[in-house]
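Engineer: So here's structure.pdb, just PDB, C-alpha atoms:
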MODEL        1
ATOM      1  CA  MET O   1      -0.678   3.708 -43.846
ATOM      2  CA  VAL O   2      -1.995   7.040 -45.021
ATOM      3  CA  ALA O   3      -3.855   5.412 -47.940
ATOM      4  CA  ASP O   4      -5.560   3.001 -45.545
ATOM      5  CA  ARG O   5      -6.780   5.847 -43.366
ATOM      6  CA  HIS O   6      -8.352   7.648 -46.339
ATOM      7  CA  LEU O   7      -9.970   4.418 -47.509
ATOM      8  CA  CYS O   8     -11.543   3.866 -44.102
ATOM      9  CA  SER O   9     -12.909   7.392 -43.856
ATOM     10  CA  GLY O  10     -14.215   7.136 -47.438
ATOM     11  CA  GLY O  11     -16.048   3.920 -46.533
ATOM     12  CA  GLY O  12     -17.537   5.570 -43.470
ATOM     13  CA  LEU O  13     -18.749   8.501 -45.536
ATOM     14  CA  PHE O  14     -20.211   6.134 -48.095
ATOM     15  CA  GLY O  15     -22.068   4.236 -45.344
ATOM     16  CA  TRP O  16     -23.361   7.443 -43.797
ATOM     17  CA  GLY O  17     -24.532   8.727 -47.202
ATOM     18  CA  PHE O  18     -26.154   5.409 -48.059
ATOM     19  CA  SER O  19     -28.049   5.355 -44.767
ATOM     20  CA  ARG O  20     -29.318   8.902 -45.397
ATOM     21  CA  LEU O  21     -30.501   8.071 -48.932
ATOM     22  CA  ASN O  22     -32.162   4.773 -47.988
ATOM     23  CA  ALA O  23     -34.643   5.153 -45.178
ATOM     24  CA  PRO O  24     -34.805   2.228 -42.739
ATOM     25  CA  ARG O  25     -37.494  -0.391 -43.164
ATOM     26  CA  TYR O  26     -39.443  -1.415 -40.101
ATOM     27  CA  ASP O  27     -40.807  -4.888 -39.498
ATOM     28  CA  ALA O  28     -44.197  -5.519 -37.969
ATOM     29  CA  GLN O  29     -45.302  -9.047 -37.180
ATOM     30  CA  ALA O  30     -48.549 -10.708 -36.256
ATOM     31  CA  LEU O  31     -48.781 -14.337 -35.170
ATOM     32  CA  LEU O  32     -51.512 -16.799 -36.113
ATOM     33  CA  VAL O  33     -51.435 -20.240 -34.526
ATOM     34  CA  ILE O  34     -53.423 -22.923 -36.315
ATOM     35  CA  SER O  35     -54.494 -26.029 -34.433
ATOM     36  CA  ILE O  36     -56.662 -29.012 -35.251
ATOM     37  CA  ASP O  37     -59.579 -29.816 -32.986
ATOM     38  CA  TYR O  38     -59.368 -33.601 -32.834
ATOM     39  CA  GLN O  39     -62.786 -33.834 -31.150
ATOM     40  CA  GLN O  40     -64.373 -32.438 -34.308
ATOM     41  CA  ALA O  41     -62.183 -34.613 -36.522
ATOM     42  CA  PRO O  42     -62.036 -38.035 -34.804
ATOM     43  CA  GLU O  43     -60.761 -39.673 -37.995
ATOM     44  CA  LEU O  44     -57.517 -37.756 -37.492
ATOM     45  CA  VAL O  45     -57.069 -39.044 -33.926
ATOM     46  CA  GLN O  46     -56.283 -42.487 -35.310
ATOM     47  CA  LYS O  47     -53.577 -40.892 -37.473
ATOM     48  CA  THR O  48     -51.800 -38.853 -34.817
ATOM     49  CA  ASP O  49     -48.460 -40.164 -36.050
ATOM     50  CA  ASP O  50     -49.398 -39.204 -39.587
ATOM     51  CA  HIS O  51     -47.995 -35.683 -39.799
ATOM     52  CA  TYR O  52     -48.598 -35.726 -43.549
ATOM     53  CA  THR O  53     -52.375 -35.318 -43.139
ATOM     54  CA  GLU O  54     -51.925 -32.670 -40.469
ATOM     55  CA  ASP O  55     -49.465 -30.831 -42.706
ATOM     56  CA  LEU O  56     -51.953 -30.916 -45.591
ATOM     57  CA  ILE O  57     -54.605 -29.305 -43.404
ATOM     58  CA  ILE O  58     -52.225 -26.628 -42.144
ATOM     59  CA  GLY O  59     -50.996 -26.121 -45.713
ATOM     60  CA  ALA O  60     -54.594 -25.415 -46.757
ATOM     61  CA  ALA O  61     -54.782 -22.814 -43.992
ATOM     62  CA  ASN O  62     -51.543 -21.354 -45.319
ATOM     63  CA  ALA O  63     -53.139 -20.996 -48.757
ATOM     64  CA  VAL O  64     -56.043 -19.102 -47.198
ATOM     65  CA  VAL O  65     -53.757 -16.726 -45.280
ATOM     66  CA  ILE O  66     -51.815 -15.700 -48.405
ATOM     67  CA  SER O  67     -54.750 -15.848 -50.818
ATOM     68  CA  THR O  68     -55.549 -12.930 -53.083
ATOM     69  CA  TYR O  69     -58.960 -12.813 -51.412
ATOM     70  CA  VAL O  70     -57.412 -12.064 -48.006
ATOM     71  CA  LEU O  71     -54.892  -9.579 -49.421
ATOM     72  CA  ASP O  72     -57.697  -7.837 -51.342
ATOM     73  CA  GLN O  73     -59.656  -7.611 -48.080
ATOM     74  CA  VAL O  74     -56.613  -5.992 -46.467
ATOM     75  CA  ASN O  75     -56.481  -3.392 -49.259
ATOM     76  CA  ILE O  76     -60.214  -2.718 -48.892
ATOM     77  CA  GLY O  77     -59.754  -2.323 -45.133
ATOM     78  CA  LEU O  78     -56.885   0.113 -45.638
ATOM     79  CA  GLN O  79     -58.959   2.167 -48.078
ATOM     80  CA  ALA O  80     -61.812   2.223 -45.540
ATOM     81  CA  GLN O  81     -59.354   3.763 -43.072
ATOM     82  CA  GLY O  82     -58.443   6.400 -45.635
ATOM     83  CA  ILE O  83     -55.076   4.875 -46.457
ATOM     84  CA  SER O  84     -54.365   4.644 -50.139
ATOM     85  CA  LEU O  85     -51.396   2.689 -51.370
ATOM     86  CA  ASP O  86     -49.694   3.959 -54.469
ATOM     87  CA  GLY O  87     -47.225   1.893 -56.467
ATOM     88  CA  ASN O  88     -44.236   3.301 -54.578
ATOM     89  CA  ASN O  89     -45.677   2.881 -51.098
ATOM     90  CA  ILE O  90     -46.857  -0.709 -50.988
ATOM     91  CA  PRO O  91     -45.748  -2.452 -47.791
ATOM     92  CA  GLN O  92     -43.910  -5.721 -48.392
ATOM     93  CA  PRO O  93     -45.853  -8.615 -46.847
ATOM     94  CA  GLY O  94     -44.107 -11.862 -46.043
ATOM     95  CA  LEU O  95     -45.169 -15.084 -44.423
ATOM     96  CA  GLY O  96     -43.048 -17.287 -42.233
ATOM     97  CA  ARG O  97     -44.278 -20.651 -41.045
ATOM     98  CA  LYS O  98     -42.995 -22.985 -38.380
ATOM     99  CA  ARG O  99     -45.264 -26.025 -38.004
ATOM    100  CA  SER O 100     -48.617 -24.504 -37.077
ATOM    101  CA  GLN O 101     -47.423 -20.942 -36.462
ATOM    102  CA  PHE O 102     -47.760 -18.323 -39.157
ATOM    103  CA  TRP O 103     -45.732 -15.134 -38.780
ATOM    104  CA  LEU O 104     -47.327 -12.393 -40.869
ATOM    105  CA  ARG O 105     -44.506  -9.938 -41.526
ATOM    106  CA  VAL O 106     -44.864  -6.527 -43.108
ATOM    107  CA  ARG O 107     -41.943  -4.244 -43.904
ATOM    108  CA  ASP O 108     -42.399  -0.552 -44.534
ATOM    109  CA  ARG O 109     -40.554   2.708 -44.063
ATOM    110  CA  ASP O 110     -43.310   3.913 -41.748
ATOM    111  CA  PRO O 111     -43.508   1.764 -38.587
ATOM    112  CA  GLN O 112     -47.148   2.727 -37.983
ATOM    113  CA  MET O 113     -48.100   1.684 -41.524
ATOM    114  CA  ALA O 114     -46.287  -1.643 -41.112
ATOM    115  CA  ALA O 115     -48.121  -2.329 -37.835
ATOM    116  CA  THR O 116     -51.487  -1.296 -39.312
ATOM    117  CA  VAL O 117     -51.091  -3.592 -42.313
ATOM    118  CA  ALA O 118     -49.839  -6.535 -40.224
ATOM    119  CA  ASN O 119     -52.737  -6.238 -37.762
ATOM    120  CA  LEU O 120     -55.296  -5.853 -40.536
ATOM    121  CA  TRP O 121     -53.807  -8.830 -42.389
ATOM    122  CA  ALA O 122     -54.072 -10.967 -39.240
ATOM    123  CA  GLU O 123     -57.675  -9.841 -38.713
ATOM    124  CA  LYS O 124     -58.721 -10.577 -42.306
ATOM    125  CA  ALA O 125     -56.837 -13.891 -42.388
ATOM    126  CA  TYR O 126     -58.500 -14.982 -39.144
ATOM    127  CA  ALA O 127     -61.950 -14.086 -40.519
ATOM    128  CA  ALA O 128     -61.244 -16.053 -43.705
ATOM    129  CA  LEU O 129     -60.035 -19.041 -41.664
ATOM    130  CA  LEU O 130     -63.256 -18.970 -39.637
ATOM    131  CA  ASP O 131     -65.202 -19.041 -42.921
ATOM    132  CA  PHE O 132     -62.973 -21.880 -44.098
ATOM    133  CA  HIS O 133     -63.730 -23.786 -40.894
ATOM    134  CA  GLN O 134     -67.479 -23.228 -41.236
ATOM    135  CA  HIS O 135     -67.406 -24.559 -44.808
ATOM    136  CA  ALA O 136     -65.540 -27.637 -43.583
ATOM    137  CA  VAL O 137     -68.160 -28.231 -40.878
ATOM    138  CA  ASN O 138     -70.952 -27.820 -43.437
ATOM    139  CA  ALA O 139     -69.219 -30.276 -45.785
ATOM    140  CA  LYS O 140     -68.948 -32.822 -42.972
ATOM    141  CA  VAL O 141     -72.649 -32.487 -42.153
ATOM    142  CA  LEU O 142     -73.589 -32.881 -45.828
ATOM    143  CA  ARG O 143     -71.303 -35.927 -46.155
ATOM    144  CA  GLU O 144     -72.974 -37.551 -43.145
ATOM    145  CA  TYR O 145     -76.416 -36.704 -44.534
ATOM    146  CA  LEU O 146     -75.584 -38.277 -47.905
ATOM    147  CA  ALA O 147     -74.190 -41.370 -46.198
ATOM    148  CA  ALA O 148     -77.413 -41.714 -44.203
ATOM    149  CA  LEU O 149     -79.474 -41.379 -47.389
ATOM    150  CA  SER O 150     -77.471 -44.072 -49.144
ATOM    151  CA  THR O 151     -78.098 -46.562 -46.306
ATOM    152  CA  CYS O 152     -81.778 -45.708 -45.979
ATOM    153  CA  PRO O 153     -84.016 -48.310 -47.674
ATOM    154  CA  LEU O 154     -86.362 -47.070 -50.367
ATOM    155  CA  PRO O 155     -90.085 -47.442 -49.690
ATOM    156  CA  PRO O 156     -91.866 -50.136 -51.709
ATOM    157  CA  GLY O 157     -92.984 -48.936 -55.129
ATOM    158  CA  ALA O 158     -90.496 -46.059 -55.288
TER     159      ALA O 158
ENDMDL
END
What does the file become when written as structure tokens?

Structural biologist:
Amino acid sequence: MVADRHLCSGGGLFGWGFSRLNAPRYDAQALLVISIDYQQAPELVQKTDDHYTEDLIIGAANAVVISTYVLDQVNIGLQAQGISLDGNNIPQPGLGRKRSQFWLRVRDRDPQMAATVANLWAEKAYAALLDFHQHAVNAKVLREYLAALSTCPLPPGA
């Protein structure tokens, strides 16, 4: 019985010492919800049961959110705010996805830093997704233009 009591108090001391040596890590999360506008993509309306195509589109958005371009933009934004990240103080970003919801998670020992990075990541990812969307719209317009050109008869002698 006496040995058990010493073991328990030794474990408690070890836990207390470990918690003092390892600072807690705080989680900050930002949520992005991706949806498909079926009015702009009528060809997808016919395939509403085809979750494969929808998943491919959302997967492309996922690639944009975690791209080095977006993460570089986050670092540039942090530097613009006067925050420099050294090798020992880089927040740990993580991405969780459930269907069309992206949870941008950042863990850091400083809760304010974690929140700043998560919010900036969401802002930069959203801006990149808007660019992505605009490129898709431009591609659709160009595709329609090329299709119209291919059906247009050539003038005589051309």

Engineer: If we count all atoms listed in the file and set the cut-off at 8 Å, which residues sit around Trp121 of chain O, ignoring sequence neighbours fewer than 3 positions away in its own chain? Please answer as a tab-separated table (two decimals) with C-alpha atoms, in the frame of the given file.

Structural biologist:
chain	number	residue	atom	x	y	z
O	70	VAL	CA	-57.41	-12.06	-48.01
O	71	LEU	CA	-54.89	-9.58	-49.42
O	74	VAL	CA	-56.61	-5.99	-46.47
O	104	LEU	CA	-47.33	-12.39	-40.87
O	117	VAL	CA	-51.09	-3.59	-42.31
O	118	ALA	CA	-49.84	-6.54	-40.22
O	124	LYS	CA	-58.72	-10.58	-42.31
O	125	ALA	CA	-56.84	-13.89	-42.39

Engineer: Using only C-alpha atoms, which protein or nucleic acid residues come within 8 Å of Arg25 of chain O? Drop anything in the same chain fewer than 4 positions from it, and give the result as a JSON list (two decimals) with C-alpha atoms, in the coordinates of the input.

Structural biologist:
[["chain", "number", "residue", "atom", "x", "y", "z"],
["O", 107, "ARG", "CA", -41.94, -4.24, -43.90],
["O", 108, "ASP", "CA", -42.40, -0.55, -44.53],
["O", 109, "ARG", "CA", -40.55, 2.71, -44.06],
["O", 110, "ASP", "CA", -43.31, 3.91, -41.75],
["O", 111, "PRO", "CA", -43.51, 1.76, -38.59]]

Engineer: Let me make sure I understand: among O:Gln134, O:Asn75, O:Ser35, O:Gln29, which one has the smallest atom-to-atom distance to Gln101 of chain O if we use only C-alpha atoms?

Structural biologist: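 Answer, going by the shortest atom-to-atom distance: O:Ser35.
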
Engineer: Just to confirm, what's the straight-line distance from atom CA of Ala127 of chain O to atom CA of Ala139 of chain O in Å (one decimal)?

Structural biologist: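 It comes out at 18.5 Å.
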
Engineer: Counting only C-alpha atoms, which of O:Ile66, O:Ala60, O:Leu149, O:Ala114 gets nearest to Phe132 of chain O?

Structural biologist: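 With only C-alpha atoms as the atom set, the closest residue is O:Ala60.
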
Engineer: Given the choices O:Ile83, O:Ala136, O:Ala28, O:Gln39, which gets closest to Asn119 of chain O if the distance is worked out from all atoms listed in the file?

Structural biologist: O:Ala28

Engineer: What is the distance between atom CA of Asp37 of chain O and atom CA of Tyr69 of chain O, in Å to one decimal?

Structural biologist: 25.1 Å

Engineer: Would you please work out which residue, of O:Asp27, O:Ile57, O:Val137, O:Tyr38, is nearest to Met113 of chain O when using all atoms listed in the file?

Structural biologist: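 Smallest distance to Met113 of chain O is found for O:Asp27.
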